[in-house]
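Asks: Sharing run_19.pdb here; it has PDB, C-alpha atoms and all ligand atoms.
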```pdb
ATOM      1  CA  MET A   1      78.254 103.831 126.261
ATOM      2  CA  SER A   2      75.687 106.499 125.514
ATOM      3  CA  GLY A   3      75.588 109.507 127.826
ATOM      4  CA  GLN A   4      79.344 109.472 128.505
ATOM      5  CA  THR A   5      81.380 112.501 127.604
ATOM      6  CA  VAL A   6      84.808 112.359 126.074
ATOM      7  CA  ARG A   7      87.937 113.897 127.497
ATOM      8  CA  HIS A   8      89.628 116.105 124.937
ATOM      9  CA  GLU A   9      93.177 115.253 124.018
ATOM     10  CA  PRO A  10      95.473 118.257 124.518
ATOM     11  CA  VAL A  11      97.231 119.536 121.400
ATOM     12  CA  ALA A  12     100.662 121.021 122.048
ATOM     13  CA  TRP A  13     100.971 123.958 119.634
ATOM     14  CA  GLN A  14     104.606 124.471 118.836
ATOM     15  CA  GLU A  15     105.994 127.985 118.554
ATOM     16  CA  GLU A  16     105.745 128.141 114.779
ATOM     17  CA  GLY A  17     102.160 126.881 114.940
ATOM     18  CA  THR A  18     102.619 123.164 114.268
ATOM     19  CA  PRO A  19     100.149 120.948 116.182
ATOM     20  CA  TYR A  20     102.020 118.271 118.141
ATOM     21  CA  SER A  21     100.926 115.234 120.141
ATOM     22  CA  GLU A  22     102.835 114.653 123.365
ATOM     23  CA  ARG A  23     101.217 111.218 123.682
ATOM     24  CA  PHE A  24     102.736 110.045 120.384
ATOM     25  CA  ALA A  25     105.730 112.427 120.156
ATOM     26  CA  ASP A  26     104.711 113.286 116.600
ATOM     27  CA  VAL A  27     103.156 116.192 114.707
ATOM     28  CA  TYR A  28      99.510 116.041 113.561
ATOM     29  CA  ARG A  29     100.680 117.746 110.387
ATOM     30  CA  THR A  30     103.376 120.144 109.334
ATOM     31  CA  ARG A  31     102.586 123.824 109.788
ATOM     32  CA  SER A  32     101.783 124.468 106.151
ATOM     33  CA  GLY A  33     101.610 121.034 104.527
ATOM     34  CA  GLY A  34      98.395 119.583 105.950
ATOM     35  CA  TRP A  35      95.989 120.794 103.297
ATOM     36  CA  ARG A  36      98.286 119.748 100.496
ATOM     37  CA  GLN A  37      98.715 116.310 102.058
ATOM     38  CA  ALA A  38      94.939 115.929 102.289
ATOM     39  CA  CYS A  39      94.605 116.760  98.583
ATOM     40  CA  ASP A  40      97.728 115.151  97.098
ATOM     41  CA  VAL A  41      98.144 112.060  99.251
ATOM     42  CA  PHE A  42      94.674 111.125 100.481
ATOM     43  CA  MET A  43      92.182 112.452  97.947
ATOM     44  CA  ALA A  44      94.320 112.057  94.812
ATOM     45  CA  GLY A  45      95.583 108.694  96.115
ATOM     46  CA  CYS A  46      91.969 107.474  96.158
ATOM     47  CA  GLY A  47      91.227 108.941  92.712
ATOM     48  CA  LEU A  48      89.156 111.833  94.050
ATOM     49  CA  PRO A  49      87.292 113.852  92.978
ATOM     50  CA  ALA A  50      86.640 111.719  89.849
ATOM     51  CA  ALA A  51      85.976 108.546  91.879
ATOM     52  CA  TRP A  52      82.773 109.809  93.539
ATOM     53  CA  ARG A  53      81.158 110.844  90.245
ATOM     54  CA  GLY A  54      78.200 108.692  89.278
ATOM     55  CA  HIS A  55      77.679 107.344  92.815
ATOM     56  CA  ASP A  56      74.508 107.947  94.810
ATOM     57  CA  ARG A  57      76.503 107.579  97.998
ATOM     58  CA  PHE A  58      80.276 107.602  98.308
ATOM     59  CA  THR A  59      81.875 106.406 101.538
ATOM     60  CA  VAL A  60      85.320 107.362 102.804
ATOM     61  CA  LEU A  61      86.731 105.459 105.797
ATOM     62  CA  GLU A  62      89.560 107.093 107.743
ATOM     63  CA  THR A  63      91.735 105.917 110.606
ATOM     64  CA  GLY A  64      92.624 108.920 112.794
ATOM     65  CA  PHE A  65      90.196 111.868 112.600
ATOM     66  CA  GLY A  66      92.705 114.079 114.409
ATOM     67  CA  LEU A  67      92.168 117.748 113.596
ATOM     68  CA  GLY A  68      89.566 116.900 110.951
ATOM     69  CA  LEU A  69      91.615 118.349 108.113
ATOM     70  CA  ASN A  70      91.183 115.425 105.712
ATOM     71  CA  PHE A  71      87.459 115.515 106.363
ATOM     72  CA  LEU A  72      87.312 119.251 105.798
ATOM     73  CA  ALA A  73      89.328 119.102 102.552
ATOM     74  CA  THR A  74      87.236 116.187 101.262
ATOM     75  CA  TRP A  75      83.951 117.888 102.166
ATOM     76  CA  GLN A  76      85.094 121.158 100.555
ATOM     77  CA  ALA A  77      86.181 119.427  97.312
ATOM     78  CA  TRP A  78      82.946 117.426  97.236
ATOM     79  CA  GLN A  79      80.848 120.548  97.750
ATOM     80  CA  GLN A  80      82.650 122.369  94.942
ATOM     81  CA  ASP A  81      82.312 119.507  92.443
ATOM     82  CA  PRO A  82      79.208 119.925  90.271
ATOM     83  CA  GLU A  83      79.388 116.195  89.471
ATOM     84  CA  CYS A  84      79.765 114.963  93.059
ATOM     85  CA  SER A  85      77.870 111.941  94.380
ATOM     86  CA  ALA A  86      74.403 112.647  95.774
ATOM     87  CA  GLN A  87      75.704 111.894  99.282
ATOM     88  CA  LEU A  88      79.084 111.808 100.967
ATOM     89  CA  HIS A  89      79.511 109.500 103.959
ATOM     90  CA  PHE A  90      82.744 110.095 105.860
ATOM     91  CA  VAL A  91      83.508 107.547 108.572
ATOM     92  CA  SER A  92      86.449 108.127 110.871
ATOM     93  CA  VAL A  93      87.948 106.349 113.875
ATOM     94  CA  GLU A  94      89.568 108.347 116.649
ATOM     95  CA  ALA A  95      90.748 107.224 120.091
ATOM     96  CA  TYR A  96      91.783 110.635 121.427
ATOM     97  CA  PRO A  97      89.503 113.383 120.071
ATOM     98  CA  VAL A  98      90.784 116.936 120.349
ATOM     99  CA  SER A  99      88.684 119.967 121.313
ATOM    100  CA  ALA A 100      86.578 121.939 118.833
ATOM    101  CA  ALA A 101      88.783 124.966 119.546
ATOM    102  CA  ASP A 102      91.923 123.091 118.474
ATOM    103  CA  MET A 103      90.208 121.799 115.318
ATOM    104  CA  ALA A 104      89.059 125.291 114.402
ATOM    105  CA  ARG A 105      92.517 126.747 115.076
ATOM    106  CA  SER A 106      94.080 124.118 112.865
ATOM    107  CA  ALA A 107      91.598 124.762 110.058
ATOM    108  CA  ARG A 108      92.150 128.519 110.120
ATOM    109  CA  GLN A 109      95.867 127.994 109.833
ATOM    110  CA  ALA A 110      95.950 125.107 107.368
ATOM    111  CA  VAL A 111      94.081 126.729 104.503
ATOM    112  CA  PRO A 112      96.826 127.353 101.945
ATOM    113  CA  HIS A 113      96.616 131.149 101.647
ATOM    114  CA  GLU A 114      97.836 133.759 104.014
ATOM    115  CA  GLN A 115      94.840 136.020 103.397
ATOM    116  CA  THR A 116      91.900 134.741 105.358
ATOM    117  CA  ASP A 117      89.420 136.318 102.952
ATOM    118  CA  THR A 118      90.073 133.888 100.101
ATOM    119  CA  PRO A 119      86.988 131.933  98.968
ATOM    120  CA  LEU A 120      88.621 128.704 100.211
ATOM    121  CA  ALA A 121      89.161 130.157 103.687
ATOM    122  CA  THR A 122      85.587 131.416 103.793
ATOM    123  CA  GLN A 123      84.206 128.078 102.668
ATOM    124  CA  THR A 124      86.243 126.036 105.121
ATOM    125  CA  ALA A 125      85.416 128.387 107.992
ATOM    126  CA  GLY A 126      81.728 127.774 107.284
ATOM    127  CA  LEU A 127      82.200 123.998 107.168
ATOM    128  CA  MET A 128      84.241 123.995 110.364
ATOM    129  CA  ALA A 129      81.609 126.124 112.106
ATOM    130  CA  GLU A 130      78.968 123.554 111.171
ATOM    131  CA  LEU A 131      81.144 120.677 112.391
ATOM    132  CA  THR A 132      81.945 122.329 115.711
ATOM    133  CA  THR A 133      78.262 122.894 116.561
ATOM    134  CA  HIS A 134      77.957 119.088 116.843
ATOM    135  CA  TRP A 135      81.200 118.595 118.770
ATOM    136  CA  PRO A 136      79.812 119.097 122.319
ATOM    137  CA  SER A 137      77.587 116.021 121.822
ATOM    138  CA  LEU A 138      80.583 113.771 121.032
ATOM    139  CA  GLN A 139      80.489 110.461 122.941
ATOM    140  CA  PRO A 140      82.536 107.272 123.057
ATOM    141  CA  GLY A 141      81.396 104.759 120.424
ATOM    142  CA  LEU A 142      79.518 105.508 117.205
ATOM    143  CA  GLN A 143      77.615 108.618 116.255
ATOM    144  CA  THR A 144      76.474 109.952 112.892
ATOM    145  CA  TRP A 145      75.889 113.625 112.268
ATOM    146  CA  ARG A 146      74.014 114.949 109.254
ATOM    147  CA  LEU A 147      75.716 117.993 107.773
ATOM    148  CA  ASP A 148      75.319 120.172 104.693
ATOM    149  CA  GLY A 149      71.539 119.903 104.584
ATOM    150  CA  GLY A 150      71.695 116.135 105.150
ATOM    151  CA  ARG A 151      73.845 115.430 102.073
ATOM    152  CA  VAL A 152      76.979 114.772 104.140
ATOM    153  CA  HIS A 153      76.970 112.151 106.884
ATOM    154  CA  LEU A 154      79.878 112.085 109.308
ATOM    155  CA  THR A 155      80.197 108.929 111.396
ATOM    156  CA  LEU A 156      82.727 109.188 114.200
ATOM    157  CA  ALA A 157      83.824 105.992 115.924
ATOM    158  CA  ILE A 158      85.396 107.135 119.166
ATOM    159  CA  GLY A 159      87.615 104.375 120.513
ATOM    160  CA  HIS A 160      90.696 102.326 119.729
ATOM    161  CA  VAL A 161      91.075 101.461 116.050
ATOM    162  CA  HIS A 162      91.304  97.705 116.758
ATOM    163  CA  ALA A 163      87.990  97.785 118.617
ATOM    164  CA  MET A 164      86.128 100.205 116.350
ATOM    165  CA  LEU A 165      86.884  98.842 112.861
ATOM    166  CA  PRO A 166      85.020  95.542 113.490
ATOM    167  CA  VAL A 167      82.128  97.516 115.028
ATOM    168  CA  LEU A 168      81.890  99.615 111.870
ATOM    169  CA  ALA A 169      81.889  96.462 109.730
ATOM    170  CA  GLN A 170      79.062  95.035 111.881
ATOM    171  CA  HIS A 171      77.140  98.256 111.278
ATOM    172  CA  GLY A 172      77.405  97.691 107.548
ATOM    173  CA  VAL A 173      80.022 100.318 106.679
ATOM    174  CA  ARG A 174      81.475  99.572 103.220
ATOM    175  CA  ALA A 175      83.970 102.083 101.902
ATOM    176  CA  ASN A 176      84.772 103.259  98.386
ATOM    177  CA  ALA A 177      87.928 104.967  99.682
ATOM    178  CA  VAL A 178      90.163 104.497 102.715
ATOM    179  CA  TYR A 179      92.548 107.047 104.232
ATOM    180  CA  LEU A 180      95.087 105.529 106.641
ATOM    181  CA  ASP A 181      96.370 108.361 108.837
ATOM    182  CA  GLY A 182      97.665 107.583 112.286
ATOM    183  CA  PHE A 183     101.020 109.212 113.067
ATOM    184  CA  SER A 184     104.259 107.598 112.022
ATOM    185  CA  PRO A 185     104.277 103.770 112.091
ATOM    186  CA  LYS A 186     107.538 103.942 114.049
ATOM    187  CA  LEU A 187     105.957 106.087 116.772
ATOM    188  CA  ASN A 188     102.515 104.461 116.747
ATOM    189  CA  PRO A 189     103.016 100.865 115.541
ATOM    190  CA  GLU A 190      99.712  99.677 117.033
ATOM    191  CA  MET A 191      97.733 101.763 114.548
ATOM    192  CA  TRP A 192      99.552 100.031 111.697
ATOM    193  CA  SER A 193      99.479  96.467 113.001
ATOM    194  CA  THR A 194      97.756  93.293 111.809
ATOM    195  CA  PRO A 195      94.387  93.843 113.591
ATOM    196  CA  THR A 196      93.996  97.121 111.683
ATOM    197  CA  PHE A 197      94.909  95.674 108.286
ATOM    198  CA  ALA A 198      92.913  92.464 108.875
ATOM    199  CA  ALA A 199      89.750  94.483 109.589
ATOM    200  CA  LEU A 200      89.904  96.387 106.295
ATOM    201  CA  PRO A 201      88.695  93.775 103.740
ATOM    202  CA  ALA A 202      85.307  93.522 105.481
ATOM    203  CA  LEU A 203      85.015  97.307 105.305
ATOM    204  CA  CYS A 204      85.917  97.729 101.629
ATOM    205  CA  LEU A 205      83.701  97.582  98.574
ATOM    206  CA  PRO A 206      85.207  95.736  95.582
ATOM    207  CA  GLY A 207      87.685  98.073  93.892
ATOM    208  CA  ALA A 208      87.956 100.368  96.932
ATOM    209  CA  ARG A 209      91.053 102.539  96.809
ATOM    210  CA  LEU A 210      93.291 103.211  99.787
ATOM    211  CA  ALA A 211      95.844 105.961 100.346
ATOM    212  CA  THR A 212      98.439 106.842 102.928
ATOM    213  CA  TYR A 213     101.615 108.905 103.235
ATOM    214  CA  THR A 214     103.788 106.161 104.671
ATOM    215  CA  VAL A 215     105.555 103.660 102.457
ATOM    216  CA  SER A 216     107.013 101.749 105.385
ATOM    217  CA  ARG A 217     107.653  98.086 104.702
ATOM    218  CA  MET A 218     105.396  97.030 107.581
ATOM    219  CA  VAL A 219     102.452  98.904 106.039
ATOM    220  CA  ARG A 220     103.065  97.656 102.489
ATOM    221  CA  ASP A 221     103.423  94.053 103.686
ATOM    222  CA  GLY A 222     100.487  94.331 106.085
ATOM    223  CA  LEU A 223      98.156  95.482 103.312
ATOM    224  CA  ALA A 224      99.506  93.015 100.748
ATOM    225  CA  GLU A 225      98.975  90.116 103.205
ATOM    226  CA  GLN A 226      95.281  91.023 103.316
ATOM    227  CA  GLY A 227      95.009  90.954  99.521
ATOM    228  CA  PHE A 228      95.440  94.633  98.642
ATOM    229  CA  ALA A 229      97.371  95.479  95.476
ATOM    230  CA  VAL A 230      99.903  97.994  96.808
ATOM    231  CA  ARG A 231     101.754 100.637  94.800
ATOM    232  CA  LYS A 232     104.467 103.047  95.934
ATOM    233  CA  CYS A 233     103.949 106.351  94.101
ATOM    234  CA  PRO A 234     106.140 109.426  93.714
ATOM    235  CA  ASN A 235     104.985 112.431  95.694
ATOM    236  CA  ALA A 236     105.760 116.142  95.567
ATOM    237  CA  PRO A 237     108.623 117.313  97.851
ATOM    238  CA  PRO A 238     109.313 117.304 100.731
ATOM    239  CA  LYS A 239     107.744 113.794 100.986
ATOM    240  CA  ARG A 240     109.181 111.761  98.103
ATOM    241  CA  TRP A 241     106.796 108.832  98.248
ATOM    242  CA  ARG A 242     103.217 107.994  99.097
ATOM    243  CA  LEU A 243     101.254 104.749  98.995
ATOM    244  CA  GLU A 244      98.211 103.722  97.006
ATOM    245  CA  ALA A 245      96.441 100.385  97.305
ATOM    246  CA  GLN A 246      93.361  98.775  95.853
ATOM    247  CA  TRP A 247      91.060  96.126  97.227
ATOM    248  CA  GLY A 248      90.229  93.478  94.632
ATOM    249  CA  GLY A 249      87.547  91.907  96.814
TER     250      GLY A 249
HETATM  251  C1  LIG B 301      98.109 112.354 112.226
HETATM  252  S1  LIG B 301      96.691 112.399 113.206
HETATM  253  C2  LIG B 301      95.369 112.368 112.023
HETATM  254  C3  LIG B 301      95.183 113.653 111.279
HETATM  255  C4  LIG B 301      93.809 113.756 110.656
HETATM  256  N1  LIG B 301      93.507 112.706 109.718
HETATM  257  C5  LIG B 301      93.511 115.098 110.072
HETATM  258  O1  LIG B 301      93.143 115.172 108.884
HETATM  259  O2  LIG B 301      93.615 116.089 110.792
HETATM  260  C6  LIG B 301      96.558 110.736 113.830
HETATM  261  C7  LIG B 301      95.351 110.501 114.700
HETATM  262  O3  LIG B 301      95.275 109.109 115.005
HETATM  263  C8  LIG B 301      94.758 108.967 116.309
HETATM  264  N2  LIG B 301      95.125 107.657 116.840
HETATM  265  C9  LIG B 301      96.362 107.245 117.174
HETATM  266  N3  LIG B 301      96.335 105.965 117.608
HETATM  267  C10 LIG B 301      95.057 105.563 117.530
HETATM  268  C11 LIG B 301      94.396 104.328 117.830
HETATM  269  N4  LIG B 301      95.074 103.282 118.283
HETATM  270  N5  LIG B 301      93.079 104.252 117.609
HETATM  271  C12 LIG B 301      92.389 105.322 117.122
HETATM  272  N6  LIG B 301      92.956 106.519 116.843
HETATM  273  C13 LIG B 301      94.269 106.635 117.042
HETATM  274  C14 LIG B 301      95.415 110.103 117.064
HETATM  275  O4  LIG B 301      94.729 110.419 118.259
HETATM  276  C15 LIG B 301      95.408 111.223 116.021
HETATM  277  O5  LIG B 301      94.313 112.066 116.192
END
```
Will you turn the file into structure tokens for me?

Replies:
Amino acid sequence: MSGQTVRHEPVAWQEEGTPYSERFADVYRTRSGGWRQACDVFMAGCGLPAAWRGHDRFTVLETGFGLGLNFLATWQAWQQDPECSAQLHFVSVEAYPVSAADMARSARQAVPHEQTDTPLATQTAGLMAELTTHWPSLQPGLQTWRLDGGRVHLTLAIGHVHAMLPVLAQHGVRANAVYLDGFSPKLNPEMWSTPTFAALPALCLPGARLATYTVSRMVRDGLAEQGFAVRKCPNAPPKRWRLEAQWGG
């Protein structure tokens, strides 16, 4: 597939600044809750930052790269942790990549301070600028970009989740942490169906931790059927619950 360019998925920015997908009739994130969700649901749900300490290489697998906010928050936390793993490998699947301009707009808005001169805003702007320099080379299929002086590897698998997860397993991807993020299961049931869950064991290292914001029965059962130990956990308002799971492998 090399040499093909990707068509950017339009993001419908709602009046109050919430990014919305017309394809899925769902929001990418709430206007102000995206950063907090990245930290409280995905990172904390996978035991980060503590979990990457002591590792030479720590691999996060994500379904749904979207606006890149989970990647940005993970990269920022990793960079700020004096005890971080030597390398961070972030692997994400995305069928409908958005434009660099929409990602950058989302990042500017999602940093949790109104003043744009906070250290966090400055750091994330720098990370986003580095990410967006690679974006024009984005192609269907797999690509790995070396960021942060080569210490961070970002693998993007551009294609449908059911097709790309087995390809990643064939390429030897084995994750320490998994973020499942793919719009609401009600609005995008395909993302949360058996082929997705069935592909995960081959992609997980023993003890890998998994996190997601949905506690829907279909997701809990789908993961449990594949052998994940699933736990519904309380979450800060407005979302009362989140899900954690662990692969025994
Ligand atoms: C809620 S957004 C992800 C937000 C993202 N993790 C972030 O941090 O900004 C869900 C993403 O899943 C992608 N997606 C939906 N269905 C998919 C599929 N079948 N295969 C791959 N990606 C899919 C959408 O295009 C969208 O970008």

Asks: Applied to this file, what does the PyMOL selection byres (((chain A and resi 87) around 8) and not hetatm) return in terms of residues, put as a PDB file with C-alpha atoms, keeping the file's coordinate frame?

Replies:
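File out-v7.pdb, as written:
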```
ATOM      1  CA  ASP A  56      74.508 107.947  94.810  1.00  0.00           C
ATOM      2  CA  ARG A  57      76.503 107.579  97.998  1.00  0.00           C
ATOM      3  CA  PHE A  58      80.276 107.602  98.308  1.00  0.00           C
ATOM      4  CA  SER A  85      77.870 111.941  94.380  1.00  0.00           C
ATOM      5  CA  ALA A  86      74.403 112.647  95.774  1.00  0.00           C
ATOM      6  CA  LEU A  88      79.084 111.808 100.967  1.00  0.00           C
ATOM      7  CA  HIS A  89      79.511 109.500 103.959  1.00  0.00           C
ATOM      8  CA  ARG A 151      73.845 115.430 102.073  1.00  0.00           C
ATOM      9  CA  VAL A 152      76.979 114.772 104.140  1.00  0.00           C
ATOM     10  CA  HIS A 153      76.970 112.151 106.884  1.00  0.00           C
TER      11      HIS A 153
END
```

Asks: Report as number ranges by chain all protein, DNA and RNA residues lying within 12 Å of Lys186 (chain A), evaluated on only C-alpha atoms, omitting residues in the same chain fewer than 4 positions from it.

Replies: A: 24-26, 182, 190-193, 214-219

Asks: Atoms to include: C-alpha atoms. Write the selected residues as a compact mmCIF listing (two decimals), in the coordinates of the input.

Replies:
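Written output follows (out_16.txt):
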```txt
# COMPACT_ATOMS: atom_id res chain seq x y z
CA PHE A 24 102.74 110.04 120.38
CA ALA A 25 105.73 112.43 120.16
CA ASP A 26 104.71 113.29 116.60
CA GLY A 182 97.66 107.58 112.29
CA GLU A 190 99.71 99.68 117.03
CA MET A 191 97.73 101.76 114.55
CA TRP A 192 99.55 100.03 111.70
CA SER A 193 99.48 96.47 113.00
CA THR A 214 103.79 106.16 104.67
CA VAL A 215 105.56 103.66 102.46
CA SER A 216 107.01 101.75 105.38
CA ARG A 217 107.65 98.09 104.70
CA MET A 218 105.40 97.03 107.58
CA VAL A 219 102.45 98.90 106.04
```

Asks: What does the distance from CA of Gly159 (chain A) to CA of Thr133 (chain A) come to in Å, to one decimal?

Replies: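 Interatomic distance here is 21.1 Å.
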
Asks: What residues come out when you apply the PyMOL selection byres (((not hetatm)) within 7 of (chain B and resi 301)) to this file, written as a ChimeraX atom specification?

Replies: /A:27-29,38,63-71,93-97,159-162,181-183,188,190-191

Asks: Go ahead and write the residues just picked, C-alpha atoms, as a PDB file, in the coordinates of the input.

Replies:
```
ATOM      1  CA  VAL A  27     103.156 116.192 114.707  1.00  0.00           C
ATOM      2  CA  TYR A  28      99.510 116.041 113.561  1.00  0.00           C
ATOM      3  CA  ARG A  29     100.680 117.746 110.387  1.00  0.00           C
ATOM      4  CA  ALA A  38      94.939 115.929 102.289  1.00  0.00           C
ATOM      5  CA  THR A  63      91.735 105.917 110.606  1.00  0.00           C
ATOM      6  CA  GLY A  64      92.624 108.920 112.794  1.00  0.00           C
ATOM      7  CA  PHE A  65      90.196 111.868 112.600  1.00  0.00           C
ATOM      8  CA  GLY A  66      92.705 114.079 114.409  1.00  0.00           C
ATOM      9  CA  LEU A  67      92.168 117.748 113.596  1.00  0.00           C
ATOM     10  CA  GLY A  68      89.566 116.900 110.951  1.00  0.00           C
ATOM     11  CA  LEU A  69      91.615 118.349 108.113  1.00  0.00           C
ATOM     12  CA  ASN A  70      91.183 115.425 105.712  1.00  0.00           C
ATOM     13  CA  PHE A  71      87.459 115.515 106.363  1.00  0.00           C
ATOM     14  CA  VAL A  93      87.948 106.349 113.875  1.00  0.00           C
ATOM     15  CA  GLU A  94      89.568 108.347 116.649  1.00  0.00           C
ATOM     16  CA  ALA A  95      90.748 107.224 120.091  1.00  0.00           C
ATOM     17  CA  TYR A  96      91.783 110.635 121.427  1.00  0.00           C
ATOM     18  CA  PRO A  97      89.503 113.383 120.071  1.00  0.00           C
ATOM     19  CA  GLY A 159      87.615 104.375 120.513  1.00  0.00           C
ATOM     20  CA  HIS A 160      90.696 102.326 119.729  1.00  0.00           C
ATOM     21  CA  VAL A 161      91.075 101.461 116.050  1.00  0.00           C
ATOM     22  CA  HIS A 162      91.304  97.705 116.758  1.00  0.00           C
ATOM     23  CA  ASP A 181      96.370 108.361 108.837  1.00  0.00           C
ATOM     24  CA  GLY A 182      97.665 107.583 112.286  1.00  0.00           C
ATOM     25  CA  PHE A 183     101.020 109.212 113.067  1.00  0.00           C
ATOM     26  CA  ASN A 188     102.515 104.461 116.747  1.00  0.00           C
ATOM     27  CA  GLU A 190      99.712  99.677 117.033  1.00  0.00           C
ATOM     28  CA  MET A 191      97.733 101.763 114.548  1.00  0.00           C
TER      29      MET A 191
END
```

Asks: Report, in Å to a single decimal, how far apart CA of Asp102 (chain A) and CA of Leu165 (chain A) are.

Replies: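 Interatomic distance here is 25.4 Å.
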
Asks: Have a look at A:Ala100, A:Ala198, A:Met43, A:Val60 and name the one nearest to Glu244 (chain A); count all atoms listed in the file.

Replies: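 For Glu244 (chain A), the nearest of the given residues is A:Met43.
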
Asks: Find the distance between CA of Glu15 (chain A) and CA of Arg31 (chain A) and write it in Å to one decimal.

Replies: 10.3 Å

Asks: With all atoms listed in the file as the atoms that count, which of A:Ala129, A:Cys84, A:Ala229, A:Ala12 lies nearest to Gly54 (chain A)?

Replies: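 Ranked by minimum distance to Gly54 (chain A), first place goes to A:Cys84.
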
Asks: Let me know the residues the PyMOL selection byres (((chain A and resi 131) around 12) and not hetatm) catches in the file above, as a ChimeraX atom specification.

Replies: /A:67-69,71-72,75,99-101,103-104,107,124-130,132-138,144-148,152-156

Asks: Box along x, y and z, 8 Å on every side, all listed atoms of region 90-109 of chain A inside: centre and edge lengths in Å to one decimal, as JSON.

Replies:
```
{"center_x": 89.3, "center_y": 117.4, "center_z": 113.6, "size_x": 29.1, "size_y": 38.2, "size_z": 31.6}
```
